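Undergrad: Shown below is the structure under consideration.
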Amino acid sequence: MKKLLVVLLALLPSLWFVFRSSGTVPHLGHFSDDGVYVGTAASLADGRGFRVESLPGEPYQVRYPPLYPLFLMPGAGGGRSLAVLLFLTMLGLLAAIWHWRPEPALVLLAGWNAYAVLFANSALSEVFGTVWLVLCAALLERERVWQAALAASAAYLTRTALIAVPGGAILWLAWKRRWRDAALFGLIFAPVFVGWAWYVTAHTEPGVSGTRAFYSDYSKFFGDNFSLELAPTIIQTNLPHLVAGAAGLLFFNGSDDFLEINFARLLLFAAVSGLVRRARAEGVGPFEFMAVPYVCALAVWNYVPQERFLFPVLPLLAFGFVREIRFQSAMLRNNWATQRGAVVVFGAVLGAGLLWAAHRTAVSALVFAPSIPMRYIEVLPERERAFEWVRQNTPATANFLAAEDVALRRFTGRHGIGFHFPTRYFYTNDQAAISAYHSDIIPRMRAEGLGYLLIGPFDMELDLFPADREKILRHWMALPELETVYESALYRVRRFRSER
């Protein structure tokens, strides 16, 4: 009964999220990746194969492994069936954590984490992949090697970056001198690795580059944006973000406030301290062996390692944090008889910090996370009218340049390409190139065979400063090559003047 109550309490933010979202996923496509996952699931469900549904030509999808789209297939039509599947990923995460470390505080920290709530209910693969990671760690500690190998294979077939799971597991087994178990683990995982690698090689679109590579081939997109000359800059930029992202998982920080940033770092330090104490007392666990290569890979990846990419290490950090708080509490109790003054002062500071962290956790889970779908619900009537116009007034073969390419394909049947500038521009701080990528759209539209431009209310919000965004939107509206054929308060459709 106690376990059930803890799980129900941990699920309250997710239930609130589902209620605020009207039991659907109105924000599908907000992260781009989420829309590609569901689009691939829809393509599989329709018998069209493993393809990028929203992209013109619907090429094979070799950017993401197949397990998560297969999981999403029953909900590929969207609506409540998809919301139910996504909610199950949170339930799976809590169950996996309980299996790994049956501690109520740890389960509650995961269930009330704003990023866990948002990602689990947004068709992103982070939570689903973390479930398999945690299960693998738990099974290894129980010496269930072949089951752990299957869980590690599932993690890798969910997110390519989670190859750190089988890699770290084999390293941990070798460190423990369990050579036979390490060999068995490798034999089970090897066919999975080879099979997916063969599929990717056989189905990669020849000569793919630029934005199309972003959609269909992550390795090619990485190759286009990484070089040995740029590597030091990428690492130098990513390392501070690694710390900030890990700290942000423990204490949601929505601003650049000096006090909040450093308080989050203090919580991260406490988590690491707890893990070190645990390692000294009980030895290093398999989760740590998986987390280290994963974090090292993020340091050289051509994306800033924010909270989303660091999410798989959340259970480990939360566990370390719980261990450290228990250690500090025990130390206060042990020193009460001899150092009451110091204990009162330190205990008051510790209690105040925990109350602040608990308050921020609750607010971020109950307010910030649901705010994403609520924004889309507010614009839903305008979007429906715009998409209805597209269905009625554009040919079925029309291709769009559109930030909302996933929603466009889902609700109108038209294909599109979004805005995903080369990340090397960010690392070289080339603001002129970023601006040019977004403003010089005519050559790109012609090269990609895009006849229409769809302008929506949330375009480029994550990539540009508000002033730069407004400047580019005005530029788009003034382009002489395009004419406006639909306009409302929030949406505009422009097309090449030659198209009639």
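By order in the structure tokens, chains are A, B, ...; within a chain, residues start at 1; ligands start at 1, following the order shown.
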Wanna dump the stretch 173-252 of chain A-stretch 92-116 of chain A contacts at 10 Å for me, each residue with its shortest atom pair and the distance in Å to one decimal, counting only C-alpha atoms, ordered by chain and number, as a Markdown table?
TA:
| residue | atom | partner | partner_atom | distance |
| --- | --- | --- | --- | --- |
| A:Gly248 | CA | A:Tyr115 | CA | 9.5 |
| A:Leu249 | CA | A:Tyr115 | CA | 7.3 |
| A:Leu250 | CA | A:Asn113 | CA | 7.9 |
| A:Phe251 | CA | A:Asn113 | CA | 8.9 |
| A:Phe252 | CA | A:Ala114 | CA | 7.6 |
Undergrad: Name the residues in contact with stretch 423-425 of chain A at a cut-off of 12 Å, using only C-alpha atoms, excluding same-chain residues fewer than 5 positions from it; report them as a list in words.
TA: Gly210, Thr211, Phe214, Phe221, Phe222, Gly223, Asp224, Asn225, Phe226, Ser227, Glu229, Leu230, Ala231, Thr233, Ile234, Thr237, Trp301, Asn302, Tyr303, Val304, Asp430, Gln431, Ala432, Ala433, Ile434, Ser435, Ala436, Tyr437 and Asp463 of chain A
Undergrad: With C-alpha atoms kept, could you save the residues just selected as a CSV table (one decimal), in the first residue's frame?
TA:
chain,number,residue,atom,x,y,z
A,210,GLY,CA,22.2,20.4,-44.7
A,211,THR,CA,18.7,20.4,-43.2
A,214,PHE,CA,19.2,16.9,-39.8
A,221,PHE,CA,24.6,16.2,-39.7
A,222,PHE,CA,27.3,15.7,-37.1
A,223,GLY,CA,30.0,15.3,-39.8
A,224,ASP,CA,28.9,18.6,-41.4
A,225,ASN,CA,29.2,20.5,-38.2
A,226,PHE,CA,32.2,18.9,-36.4
A,227,SER,CA,35.9,19.2,-37.3
A,229,GLU,CA,39.8,22.4,-35.7
A,230,LEU,CA,36.4,23.2,-34.1
A,231,ALA,CA,36.7,20.4,-31.5
A,233,THR,CA,35.8,25.3,-29.2
A,234,ILE,CA,32.9,22.8,-28.9
A,237,THR,CA,31.6,25.7,-24.9
A,301,TRP,CA,28.7,16.5,-29.5
A,302,ASN,CA,27.7,19.4,-31.8
A,303,TYR,CA,24.8,20.3,-29.6
A,304,VAL,CA,24.7,22.3,-26.3
A,430,ASP,CA,28.7,33.5,-36.3
A,431,GLN,CA,25.5,35.5,-35.8
A,432,ALA,CA,25.6,36.8,-39.3
A,433,ALA,CA,25.5,33.2,-40.7
A,434,ILE,CA,22.6,32.3,-38.4
A,435,SER,CA,20.7,35.4,-39.5
A,436,ALA,CA,21.5,34.7,-43.2
A,437,TYR,CA,20.3,31.1,-42.9
A,463,ASP,CA,17.1,30.0,-32.2
Undergrad: Go through A:Arg20, A:Arg63, A:His203, A:His415 one by one, measure the shortest atom-to-atom distance of each to A:Gly449 using only C-alpha atoms, and give the residue with the smallest value.
TA: A:His415
Undergrad: Would you list the contacts of A:Gly418 as a list in words, taking every protein, DNA or RNA residue within 9 Å and counting only C-alpha atoms, but skipping same-chain residues closer than 4 positions in sequence?
TA: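 Result of the neighbour search: Ser32, Thr211, Phe400, Leu401, Ala402, Ala403, Glu404, Asp405 and Val406 of chain A.
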Undergrad: Taking the chain letters and numbering used in this document, name the residues of stretch 42-241 of chain A that DSSP puts in helix (DSSP H, G or I), as an MDAnalysis selection string.
TA: chainID A and resid 42:45 67:75 79:100 104:111 114:120 126:141 145:156 160:175 179:203 210:216 218:225 231:241
Undergrad: Looking at only C-alpha atoms, which of A:Val208, A:Glu378, A:Asp46, A:Pro286 is the one that sits closest to A:Leu135?
TA: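 Looking only at the distances to A:Leu135, the closest residue turns out to be A:Pro286.
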Undergrad: Just checking: using only C-alpha atoms, which residue out of A:Pro466, A:Gly207, A:Pro26, A:Gly77 ends up closest to A:Val38?
TA: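 Nearest candidate to A:Val38 out of A:Pro466, A:Gly207, A:Pro26, A:Gly77: A:Gly77.
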Undergrad: Which is closer to A:Arg497 than all the others in A:Thr361, A:Asn334, A:Thr397, A:Thr484, using only C-alpha atoms?
TA: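 Nearest to A:Arg497: A:Thr484.
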Undergrad: At a cut-off of 12 Å, using only C-alpha atoms, what residues contact A:Ser439? Leave out same-chain residues fewer than 4 positions from it and give the result as a list of chain:residue names.
TA: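 Within the cut-off, the hits are A:Phe419, A:Phe421, A:Ala432, A:Ala433, A:Ile434, A:Ser435, A:Pro443, A:Arg444, A:Met445, A:Met460, A:Leu464, A:Asp468, A:Arg469, A:Glu470, A:Lys471, A:Ile472, A:Leu473, A:Arg474, A:His475, A:Trp476, A:Met477, A:Ala478, A:Leu479.
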Undergrad: List as a PyMOL selection string the protein and nucleic acid residues near A:Ser216, meaning an atom at most 12 Å away when only C-alpha atoms are counted, but skip any in the same chain fewer than 2 places from it.
TA: chain A and resi 33+36-37+40+50-65+200+203-214+218-222+417
Undergrad: If I take atom CA of A:Trp132 and atom CA of A:Arg323, how far is one from the other in Å, to one decimal?
TA: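 Calculated distance between atom CA of A:Trp132 and atom CA of A:Arg323 is 23.0 Å.
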Undergrad: If you measure from atom CA of A:Leu317 to atom CA of A:Ala148, what distance in Å do you get, rounded to one decimal?
TA: 21.2 Å
Undergrad: Within 12 Å of A:Leu267, counting only C-alpha atoms, which residues show up once you throw out same-chain ones fewer than 6 positions away? Write them as number ranges by chain, please.
TA: A: 243-244, 246-252, 260-261, 273-274, 317-318, 320-322, 324-325, 350, 353-354, 356-357
Undergrad: Hey, which of A:Glu126, A:Glu282, A:Glu288, A:Glu483 ends up closest to A:Ala164? Count only C-alpha atoms.
TA: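 Selected residue with least distance to A:Ala164: A:Glu288.
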Undergrad: Identify, on the basis of only C-alpha atoms, every residue whose closest approach to A:Gln392 does not exceed 12 Å; exclude the query and any residue fewer than 3 positions from it along the same chain; express the result as a short mmCIF file (atom, residue, chain, number, x, y, z; two decimals) with N, CA and C atoms, in the first residue's frame.
TA:
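Resulting contents of part_27.cif:
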data_model
loop_
_atom_site.label_atom_id
_atom_site.label_comp_id
_atom_site.auth_asym_id
_atom_site.auth_seq_id
_atom_site.Cartn_x
_atom_site.Cartn_y
_atom_site.Cartn_z
N ARG A 385 -7.87 26.96 -38.66
CA ARG A 385 -8.37 27.70 -39.82
C ARG A 385 -7.29 27.82 -40.89
N ALA A 386 -6.04 28.04 -40.47
CA ALA A 386 -4.95 28.14 -41.45
C ALA A 386 -4.75 26.82 -42.17
N PHE A 387 -4.76 25.72 -41.43
CA PHE A 387 -4.55 24.42 -42.05
C PHE A 387 -5.74 24.01 -42.93
N GLU A 388 -6.92 24.44 -42.55
CA GLU A 388 -8.09 24.16 -43.40
C GLU A 388 -7.94 24.90 -44.73
N TRP A 389 -7.43 26.12 -44.68
CA TRP A 389 -7.21 26.86 -45.92
C TRP A 389 -6.16 26.14 -46.78
N PRO A 395 -2.35 22.42 -53.84
CA PRO A 395 -2.34 21.06 -54.39
C PRO A 395 -1.77 20.06 -53.39
N ALA A 396 -2.17 18.81 -53.52
CA ALA A 396 -1.71 17.76 -52.61
C ALA A 396 -0.21 17.58 -52.66
N ALA A 398 1.96 20.05 -52.86
CA ALA A 398 2.62 21.27 -52.43
C ALA A 398 3.61 20.99 -51.30
N PHE A 411 -2.01 17.45 -40.27
CA PHE A 411 -3.36 18.00 -40.39
C PHE A 411 -3.74 18.41 -41.82
N THR A 412 -2.76 18.47 -42.72
CA THR A 412 -3.09 18.86 -44.10
C THR A 412 -2.63 17.84 -45.14
N GLY A 413 -1.73 16.96 -44.77
CA GLY A 413 -1.18 16.01 -45.73
C GLY A 413 -0.07 16.60 -46.58
N ARG A 414 0.28 17.88 -46.37
CA ARG A 414 1.35 18.51 -47.15
C ARG A 414 2.70 18.26 -46.46
N TYR A 486 -2.67 33.86 -47.84
CA TYR A 486 -3.52 33.67 -46.66
C TYR A 486 -2.91 34.45 -45.51
#
Undergrad: Kindly indicate which residue among A:Gly168, A:Pro66, A:Pro305, A:Gly341 lies nearest to A:Phe289, using only C-alpha atoms for the distances.
TA: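 Selected residue with least distance to A:Phe289: A:Gly168.
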Undergrad: One number please: atom CA of A:Ser364 to atom CA of A:Phe287, in Å, one decimal.
TA: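 Atom-to-atom, atom CA of A:Ser364 to atom CA of A:Phe287, that is 26.9 Å.
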